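Let me begin by presenting the structure, written as structure tokens, before commenting on it.
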Protein chains: 2
Amino acid sequence: MAGTTAAEAARKQDRDASIILIESSPYHEYSRCGLPYFISGEVGQSANLFLNKRAYFDSILKVNLLLGTSVEKVEPTRKTVTIRAPSGLDSLHYDSLVLATGATAVDLPIPGFSKPGVMKLRTLDDAEAIKKAASRKGSAVIIGAGLIGLEVADALTANGVTVSVVELLPEVLPVSFDPSMASLVRKVLEAKGVTFYLGKKVERIVGFEQVEGVIVEGSLIKADIVVASAGIRPRNELAKDASINVGRYGGITVGPRAETSAPDVYAAGDCVEISNRLISENRPIQLATVALRTGEVAGANAVGGDERLPDLFGNTSSSICHLEVSSTGLTEGEAKKFGIAVLTAESSSYAYAPYYPGGGNLTTKIVADAKSGLILGSQFVGPGAAGWGNLVTMMIAQGLHISTLAYLETSFSPPVQNFWPSPVVAARRINRLLKLKGPSV
Amino acid sequence: MAGTTAAEAARKQDRDASIILIESSPYHEYSRCGLPYFISGEVGQSANLFLNKRAYFDSILKVNLLLGTSVEKVEPTRKTVTIRAPSGLDSLHYDSLVLATGATAVDLPIPGFSKPGVMKLRTLDDAEAIKKAASRKGSAVIIGAGLIGLEVADALTANGVTVSVVELLPEVLPVSFDPSMASLVRKVLEAKGVTFYLGKKVERIVGFEQVEGVIVEGSLIKADIVVASAGIRPRNELAKDASINVGRYGGITVGPRAETSAPDVYAAGDCVEISNRLISENRPIQLATVALRTGEVAGANAVGGDERLPDLFGNTSSSICHLEVSSTGLTEGEAKKFGIAVLTAESSSYAYAPYYPGGGNLTTKIVADAKSGLILGSQFVGPGAAGWGNLVTMMIAQGLHISTLAYLETSFSPPVQNFWPSPVVAARRINRLLKLKGPSV
């Protein structure tokens, strides 16, 4: 997605540039985020996940798309890449290069991990394999309770598979949600029959020819499928081999124009480390939206543009068992990790007019800087979560004080939004705490 | 709603204040916005629309609630109000007074307007009468195609009534939507069988004992019910009699603390005229959310608080035939009326991932100041409309440039929100237009 977006931005910037897009898999751009919804059956054929027809690249985008072609080597000093195409090795010259190598799902150091029936969900082929296995019903263990792990749990349950989730940390969604908010998501999955093993480790994967289960704290959880969903890491091998700087988390280091440490080499997407004003470090933000935003800057600049990366805060949303969730900026846990003193508030209320039937609660958690009163992050669970996540992302990006949310003129309509939405109530709580502390510095 | 909110805010500010709440109808606070959804059948009994039980006022709020009691006269110099209670005339002294007299639905100067079967929708009793008439099926003519008129059209259609809407102006929703956006809402009602007579006038209402129809351009439209929904006007009689200033549109003039021109008299809700930084005039903004926000300021200040009215921009939302809509700030039409040069953009795209089935389009119109590039207003039709309306309201309130929306980091999730939501696309269009014009002043 980052690569294709970069190619599109380059074409928009320069009608005549010669653009080559190199892809090791046999597939042109498709939506990875759609894979769980392909497994669930909501999306129909996997072919629907392709965002354009193959012909788009030649006839409209005018890009030379090399599928099934891997890059063996990048040489910034010579401005060449060595490729292994179906027809053999070749060397290509470039004036500028965009690295959009993405990320790979992490292999876990668990005995039995290579057994048939142990899967990861990263590619279209992975999704096809999981869907095929799910069609036999049976039972599945998912290792890792991040957003993708839970989306897969939801999707497999929809297929009639009995699902267990094993997570090392004490609550689900440990990266982007604080425990009290994450527990709301866990509960809807539990209500659908998913069993959670939290704060627990898969000790080994057992079975003879095929997976038969996993051992957790000495006990067997039977499973016909094991899906490992314990994170992804940037694919940085080409960059490292070319002595291009990578950061602490293995992501390629980029400057404000998406430029790497090598001249005329840019990078975008899951393989880069991103910074923002909230935190003192760079880190990968491996989201489709970040791939799009870094991709368009890298692509435009590669052909002479002068675009800047926007501040990116990791605004993310999902829908688990039809429960909308979103998270942006810092969680309380992250803020503590970075040594930022925060005030937080949680609030939950019915999403619609109290008398309007059939809806659910919108639950809010807001994190604000205890000194300045600036909003730093939010988590929402319930109807409207994504919209509020966009709003708070704008507040973070613009450095707005919590009071602007506390006194926001929200709209009211019985089937749409309640009088005092819970984000406003939570913001007012923080605003009162700030006032009690006296004038802020 | 403004009155009860003022009482609640006063109680929060001062635990010991003696608070009297005077209401001419037999009903304590209920949600007027819910009346169309009571008529449609979604809300069940009309009793559900009451936001608190009657006992709440005595036992929790500690407010002396006088129902069925009208105020005959306000005398700011003597600090008294004359009331007509069920027990007769009485005079009450006050230290401070909040006027929350609301608004009344406008009577139309149409021959036959007083005929039985001609109704307005303002009160619970109105709604009960309309619902009762609707239970006999038959046909209805609605005069006025504002949000409430269209909500009633939707509700009556849901009751099996054949509905026609007659609107003087050339398109529906003439106040808060520009014609191209409003037409999207009209079309969903047309698809449900509603007939529109736009740019047309009801010349007379005909029938012998009971309404039998209306005459439009010389032709008869048969109707068993006529619902007049052609606007509301501030109830300002008490204020005028007391020589309290009212504005151009008949609303009570208030300062930043919700204070009127009379000492220790505040006003809140549908009866006041509101100003904001976008426009050069005060006008009523007759929304529940404005009643709440002016009510809490008036109530707190009436007992010694020092609260300020927030800037209010008329952020409003609704759902017509399950199509979510919102509008905030200035429409293009209003901006022109006020002589503000604007740039506008419209954009429409699927609300969810392109491959995710079952949803609809989110259509956006954005209005920005052509000189400064600041956002002035927006209209949204489709899933997420209210959330985007809140976000743009914050942008207007904070004086943010269109580029902050053009480069907002939105989230993506297949069943929740698309890659490039149409508000971002529309903002980018305006941003490009601004750049083409050269640096702004």
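Labeling convention for the structure tokens: chains A, B, ... as they appear, residues from 1 per chain, ligands from 1 in order of appearance.
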Using only C-alpha atoms, which residues sit within 9 Å of A:His93 once same-chain residues fewer than 4 positions away are excluded, as a compact mmCIF listing (two decimals) with N, CA and C atoms, in the first residue's frame?
# COMPACT_ATOMS: atom_id res chain seq x y z
N ARG A 78 26.05 3.49 -6.02
CA ARG A 78 25.98 3.27 -7.46
C ARG A 78 24.59 3.57 -8.02
N LYS A 79 23.64 3.80 -7.12
CA LYS A 79 22.24 4.02 -7.52
C LYS A 79 21.69 2.87 -8.36
N THR A 80 21.86 1.69 -7.84
CA THR A 80 21.30 0.52 -8.52
C THR A 80 20.59 -0.39 -7.50
N VAL A 81 19.65 -1.15 -8.00
CA VAL A 81 19.11 -2.27 -7.24
C VAL A 81 19.29 -3.54 -8.06
N THR A 82 19.61 -4.60 -7.36
CA THR A 82 19.72 -5.91 -8.02
C THR A 82 18.42 -6.65 -7.78
Would you kindly return, as a PDB file with N, CA and C atoms, in the first residue's frame, each protein, DNA or RNA residue with an atom no farther than 8 Å from any atom of A:Ile148, considering only C-alpha atoms and excluding same-chain residues fewer than 4 positions away?
ATOM      1  N   PRO A  36      -9.090 -10.093   7.776  1.00  0.00           N
ATOM      2  CA  PRO A  36      -9.993 -10.711   8.767  1.00  0.00           C
ATOM      3  C   PRO A  36     -11.451 -10.736   8.281  1.00  0.00           C
ATOM      4  N   VAL A 152      -9.326 -11.634  14.140  1.00  0.00           N
ATOM      5  CA  VAL A 152      -9.310 -13.023  13.683  1.00  0.00           C
ATOM      6  C   VAL A 152     -10.178 -13.888  14.593  1.00  0.00           C
ATOM      7  N   SER A 229      -0.318 -14.268  16.215  1.00  0.00           N
ATOM      8  CA  SER A 229      -0.598 -12.870  15.895  1.00  0.00           C
ATOM      9  C   SER A 229       0.056 -12.022  16.966  1.00  0.00           C
TER      10      SER A 229
END
(request) Tell me the residues of chain A close to chain B, meaning within 6 Å using only C-alpha atoms, as number ranges by chain. (result) A: 43, 48, 315-318, 355-356, 387, 390-391, 410-411, 413
Go ahead and save the picked residues with N, CA and C atoms, as a PDB file, in the first residue's frame.
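out.pdb, freshly written:
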ATOM      1  N   VAL A  43     -16.573 -10.272   3.232  1.00  0.00           N
ATOM      2  CA  VAL A  43     -16.044  -9.633   2.024  1.00  0.00           C
ATOM      3  C   VAL A  43     -16.263 -10.466   0.761  1.00  0.00           C
ATOM      4  N   ASN A  48     -11.863  -9.429  -4.125  1.00  0.00           N
ATOM      5  CA  ASN A  48     -12.459  -8.118  -3.815  1.00  0.00           C
ATOM      6  C   ASN A  48     -11.493  -7.188  -3.081  1.00  0.00           C
ATOM      7  N   ASN A 315      -3.608   7.007  14.969  1.00  0.00           N
ATOM      8  CA  ASN A 315      -5.071   6.960  15.056  1.00  0.00           C
ATOM      9  C   ASN A 315      -5.564   5.667  14.411  1.00  0.00           C
ATOM     10  N   THR A 316      -6.198   4.811  15.191  1.00  0.00           N
ATOM     11  CA  THR A 316      -6.600   3.504  14.680  1.00  0.00           C
ATOM     12  C   THR A 316      -8.023   3.174  15.120  1.00  0.00           C
ATOM     13  N   SER A 317      -8.729   2.441  14.268  1.00  0.00           N
ATOM     14  CA  SER A 317     -10.078   2.022  14.658  1.00  0.00           C
ATOM     15  C   SER A 317     -10.316   0.597  14.199  1.00  0.00           C
ATOM     16  N   SER A 318     -11.347  -0.006  14.732  1.00  0.00           N
ATOM     17  CA  SER A 318     -11.735  -1.344  14.309  1.00  0.00           C
ATOM     18  C   SER A 318     -13.166  -1.590  14.744  1.00  0.00           C
ATOM     19  N   TYR A 355     -34.089   7.678  25.563  1.00  0.00           N
ATOM     20  CA  TYR A 355     -35.342   6.983  25.253  1.00  0.00           C
ATOM     21  C   TYR A 355     -35.319   6.285  23.902  1.00  0.00           C
ATOM     22  N   TYR A 356     -34.196   6.413  23.166  1.00  0.00           N
ATOM     23  CA  TYR A 356     -34.153   5.813  21.830  1.00  0.00           C
ATOM     24  C   TYR A 356     -33.597   4.400  21.952  1.00  0.00           C
ATOM     25  N   GLY A 387     -15.193   8.445  14.788  1.00  0.00           N
ATOM     26  CA  GLY A 387     -15.365   9.887  14.609  1.00  0.00           C
ATOM     27  C   GLY A 387     -14.706  10.676  15.739  1.00  0.00           C
ATOM     28  N   ASN A 390     -10.947  10.636  15.321  1.00  0.00           N
ATOM     29  CA  ASN A 390     -10.484  11.648  14.369  1.00  0.00           C
ATOM     30  C   ASN A 390     -10.425  13.022  15.026  1.00  0.00           C
ATOM     31  N   LEU A 391     -11.454  13.341  15.794  1.00  0.00           N
ATOM     32  CA  LEU A 391     -11.515  14.659  16.441  1.00  0.00           C
ATOM     33  C   LEU A 391     -10.356  14.836  17.425  1.00  0.00           C
ATOM     34  N   THR A 410     -21.480  20.027  20.699  1.00  0.00           N
ATOM     35  CA  THR A 410     -21.826  18.796  19.984  1.00  0.00           C
ATOM     36  C   THR A 410     -23.273  18.890  19.508  1.00  0.00           C
ATOM     37  N   SER A 411     -23.630  18.066  18.542  1.00  0.00           N
ATOM     38  CA  SER A 411     -25.022  18.063  18.093  1.00  0.00           C
ATOM     39  C   SER A 411     -25.812  17.016  18.866  1.00  0.00           C
ATOM     40  N   SER A 413     -29.291  14.425  18.370  1.00  0.00           N
ATOM     41  CA  SER A 413     -30.438  13.883  17.640  1.00  0.00           C
ATOM     42  C   SER A 413     -30.721  12.509  18.232  1.00  0.00           C
TER      43      SER A 413
END
(message) Could you pull out the strand (DSSP E or B) residues of stretch 88-241 of chain A, going by DSSP on the backbone, and write them as a ChimeraX atom specification?
(response) /A:88-93,97-99,103-105,118-120,139-143,162-167,195-198,202-206,213-216,219-222,225-228,232-234
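Near B:Thr4, within 8 Å and counting only C-alpha atoms, sit Met1, Ala7, Glu8, Leu21, Glu29 and Gly295 of chain B; same-chain residues fewer than 3 positions away were not included.
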Could you take the residues named above and write them with C-alpha atoms, as a short mmCIF file (atom, residue, chain, number, x, y, z; two decimals), in the first residue's frame?
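Once everything was written out, this is part-v3.cif:
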data_model
loop_
_atom_site.label_atom_id
_atom_site.label_comp_id
_atom_site.auth_asym_id
_atom_site.auth_seq_id
_atom_site.Cartn_x
_atom_site.Cartn_y
_atom_site.Cartn_z
CA MET B 1 -34.87 22.02 28.66
CA ALA B 7 -32.06 25.05 37.63
CA GLU B 8 -29.59 22.15 37.69
CA LEU B 21 -39.06 26.55 38.32
CA GLU B 29 -38.93 18.62 31.22
CA GLY B 295 -29.06 27.12 30.31
#
(request) Fewer than 2 positions away in the same chain doesn't count, so skip those; otherwise give me all residues within 9 Å of stretch 245-248 of chain A, counting only C-alpha atoms, as a PyMOL selection string. (result) chain A and resi 236+239-240+242-243+250-254+260-262+272-273+281-283
For C-alpha atoms, I'd like the residues from the last selection saved as a PDB file, in the first residue's frame.
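Just written: again-v2.pdb:
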ATOM      1  CA  ASN A 236      14.903  -3.774   7.083  1.00  0.00           C
ATOM      2  CA  ALA A 239      18.311  -1.052   4.179  1.00  0.00           C
ATOM      3  CA  LYS A 240      20.790  -2.522   6.658  1.00  0.00           C
ATOM      4  CA  ALA A 242      23.014  -0.789   2.193  1.00  0.00           C
ATOM      5  CA  SER A 243      24.161   0.886   5.465  1.00  0.00           C
ATOM      6  CA  GLY A 250      14.382  -1.901  13.508  1.00  0.00           C
ATOM      7  CA  GLY A 251      12.448   0.617  11.396  1.00  0.00           C
ATOM      8  CA  ILE A 252      14.192   2.720   8.760  1.00  0.00           C
ATOM      9  CA  THR A 253      14.960   6.191  10.083  1.00  0.00           C
ATOM     10  CA  VAL A 254      13.388   8.989   8.028  1.00  0.00           C
ATOM     11  CA  THR A 260      16.530   8.098   4.659  1.00  0.00           C
ATOM     12  CA  SER A 261      20.199   8.533   5.556  1.00  0.00           C
ATOM     13  CA  ALA A 262      21.196   7.614   1.972  1.00  0.00           C
ATOM     14  CA  VAL A 272       9.839   3.138   8.806  1.00  0.00           C
ATOM     15  CA  GLU A 273      10.071   4.645  12.277  1.00  0.00           C
ATOM     16  CA  GLU A 281      11.542   8.462  20.411  1.00  0.00           C
ATOM     17  CA  ASN A 282      10.874   7.207  16.908  1.00  0.00           C
ATOM     18  CA  ARG A 283       8.906   4.025  16.445  1.00  0.00           C
TER      19      ARG A 283
END
(request) Please report, as a PyMOL selection string, each residue of stretch 306-441 of chain B to which DSSP assigns helix (DSSP H, G or I) when run on this structure's backbone. (result) chain B and resi 332-337+385-398+402-406+422-436
Pull the closest atom pair for each residue of stretch 176-255 of chain A that gets at most 6 Å from stretch 105-124 of chain A, along with the distance in Å to one decimal, counting only C-alpha atoms, ordering rows by chain and then ascending residue number, as a tab-separated table.
residue	atom	partner	partner_atom	distance
A:Arg204	CA	A:Pro111	CA	4.9
A:Ile205	CA	A:Gly112	CA	4.7
A:Gln210	CA	A:Pro116	CA	5.2
A:Val211	CA	A:Gly117	CA	5.3
A:Ile225	CA	A:Gly117	CA	5.1
A:Val226	CA	A:Val118	CA	4.7
A:Val227	CA	A:Met119	CA	4.8
A:Ala228	CA	A:Lys120	CA	5.0
A:Gly231	CA	A:Val106	CA	5.9
A:Ile232	CA	A:Ala105	CA	4.2
Hey, can you spit out that residue selection with N, CA and C atoms as a short mmCIF file (atom, residue, chain, number, x, y, z; two decimals), in the first residue's frame?
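See selection_39.cif below for the written result:
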data_model
loop_
_atom_site.label_atom_id
_atom_site.label_comp_id
_atom_site.auth_asym_id
_atom_site.auth_seq_id
_atom_site.Cartn_x
_atom_site.Cartn_y
_atom_site.Cartn_z
N ARG A 204 4.42 -24.76 24.51
CA ARG A 204 4.77 -25.52 23.31
C ARG A 204 3.53 -25.80 22.48
N ILE A 205 3.77 -26.10 21.22
CA ILE A 205 2.68 -26.47 20.33
C ILE A 205 2.81 -27.96 20.08
N GLN A 210 0.18 -32.99 12.44
CA GLN A 210 -0.61 -31.75 12.37
C GLN A 210 -0.75 -31.21 13.80
N VAL A 211 -0.95 -29.91 13.91
CA VAL A 211 -1.19 -29.32 15.24
C VAL A 211 -2.38 -29.99 15.91
N ILE A 225 -6.15 -25.45 14.61
CA ILE A 225 -5.37 -24.36 14.01
C ILE A 225 -4.75 -23.56 15.13
N VAL A 226 -3.54 -23.07 14.91
CA VAL A 226 -2.94 -22.06 15.79
C VAL A 226 -2.61 -20.86 14.91
N VAL A 227 -3.11 -19.70 15.27
CA VAL A 227 -2.77 -18.49 14.53
C VAL A 227 -1.89 -17.62 15.42
N ALA A 228 -0.66 -17.40 14.98
CA ALA A 228 0.26 -16.55 15.73
C ALA A 228 0.06 -15.11 15.29
N GLY A 231 2.47 -9.65 16.67
CA GLY A 231 3.21 -8.47 16.23
C GLY A 231 3.93 -8.67 14.90
N ILE A 232 4.33 -7.56 14.35
CA ILE A 232 5.07 -7.57 13.08
C ILE A 232 6.34 -6.75 13.28
#
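Using only C-alpha atoms, the contacts of stretch 130-147 of chain B at a cut-off of 7 Å, with sequence neighbours closer than 5 positions omitted, comprise Ile39, Leu156, Asn159, Gly160, Val161, Thr162, Val163, Ser164, Val165, Val166, Glu167, Val172, Leu173, Pro174, Ala223, Asp224, Ile225, Val226, Val227, Ala228, Ser229 and Ala230 of chain B.
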(request) Find the spatial neighbours of stretch 431-435 of chain B, counting only C-alpha atoms, within a cut-off of 10 Å - ignore same-chain residues fewer than 2 positions away - and output them as a count of residues only. (result) 25
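Minimum atom-to-atom distances from B:Asp125, B:Asp270, B:Glu190, B:Glu346 to B:Leu99 were compared using only C-alpha atoms, and the lowest value belongs to B:Asp270.
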(request) For stretch 332-336 of chain A, please output as a list in words all residues within 10 Å (counting only C-alpha atoms; exclusion window: fewer than 5 positions along the same chain). (result) Pro174, Val175, Ser176, Phe177, Asp178, Pro179, Leu278, Ile279, Ala341, Val342, Leu343, Thr344, Lys365, Ile366, Val367, Ala368, Asp369, Leu376, Gly377 and Ser378 of chain A
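Atom CA of B:Val303 to atom CA of B:Gln13 spans 6.9 Å [interatomic distance, one decimal].
Nearest-residue note for A:Gly149: choosing from A:Gly399, A:Phe196, A:Ser91, A:Lys187, the minimum distance belongs to A:Phe196, counting only C-alpha atoms.
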(message) Between atom CA of B:Gln286 and atom CA of B:Ala2, what distance in Å does the model show, to one decimal?
(response) 10.8 Å
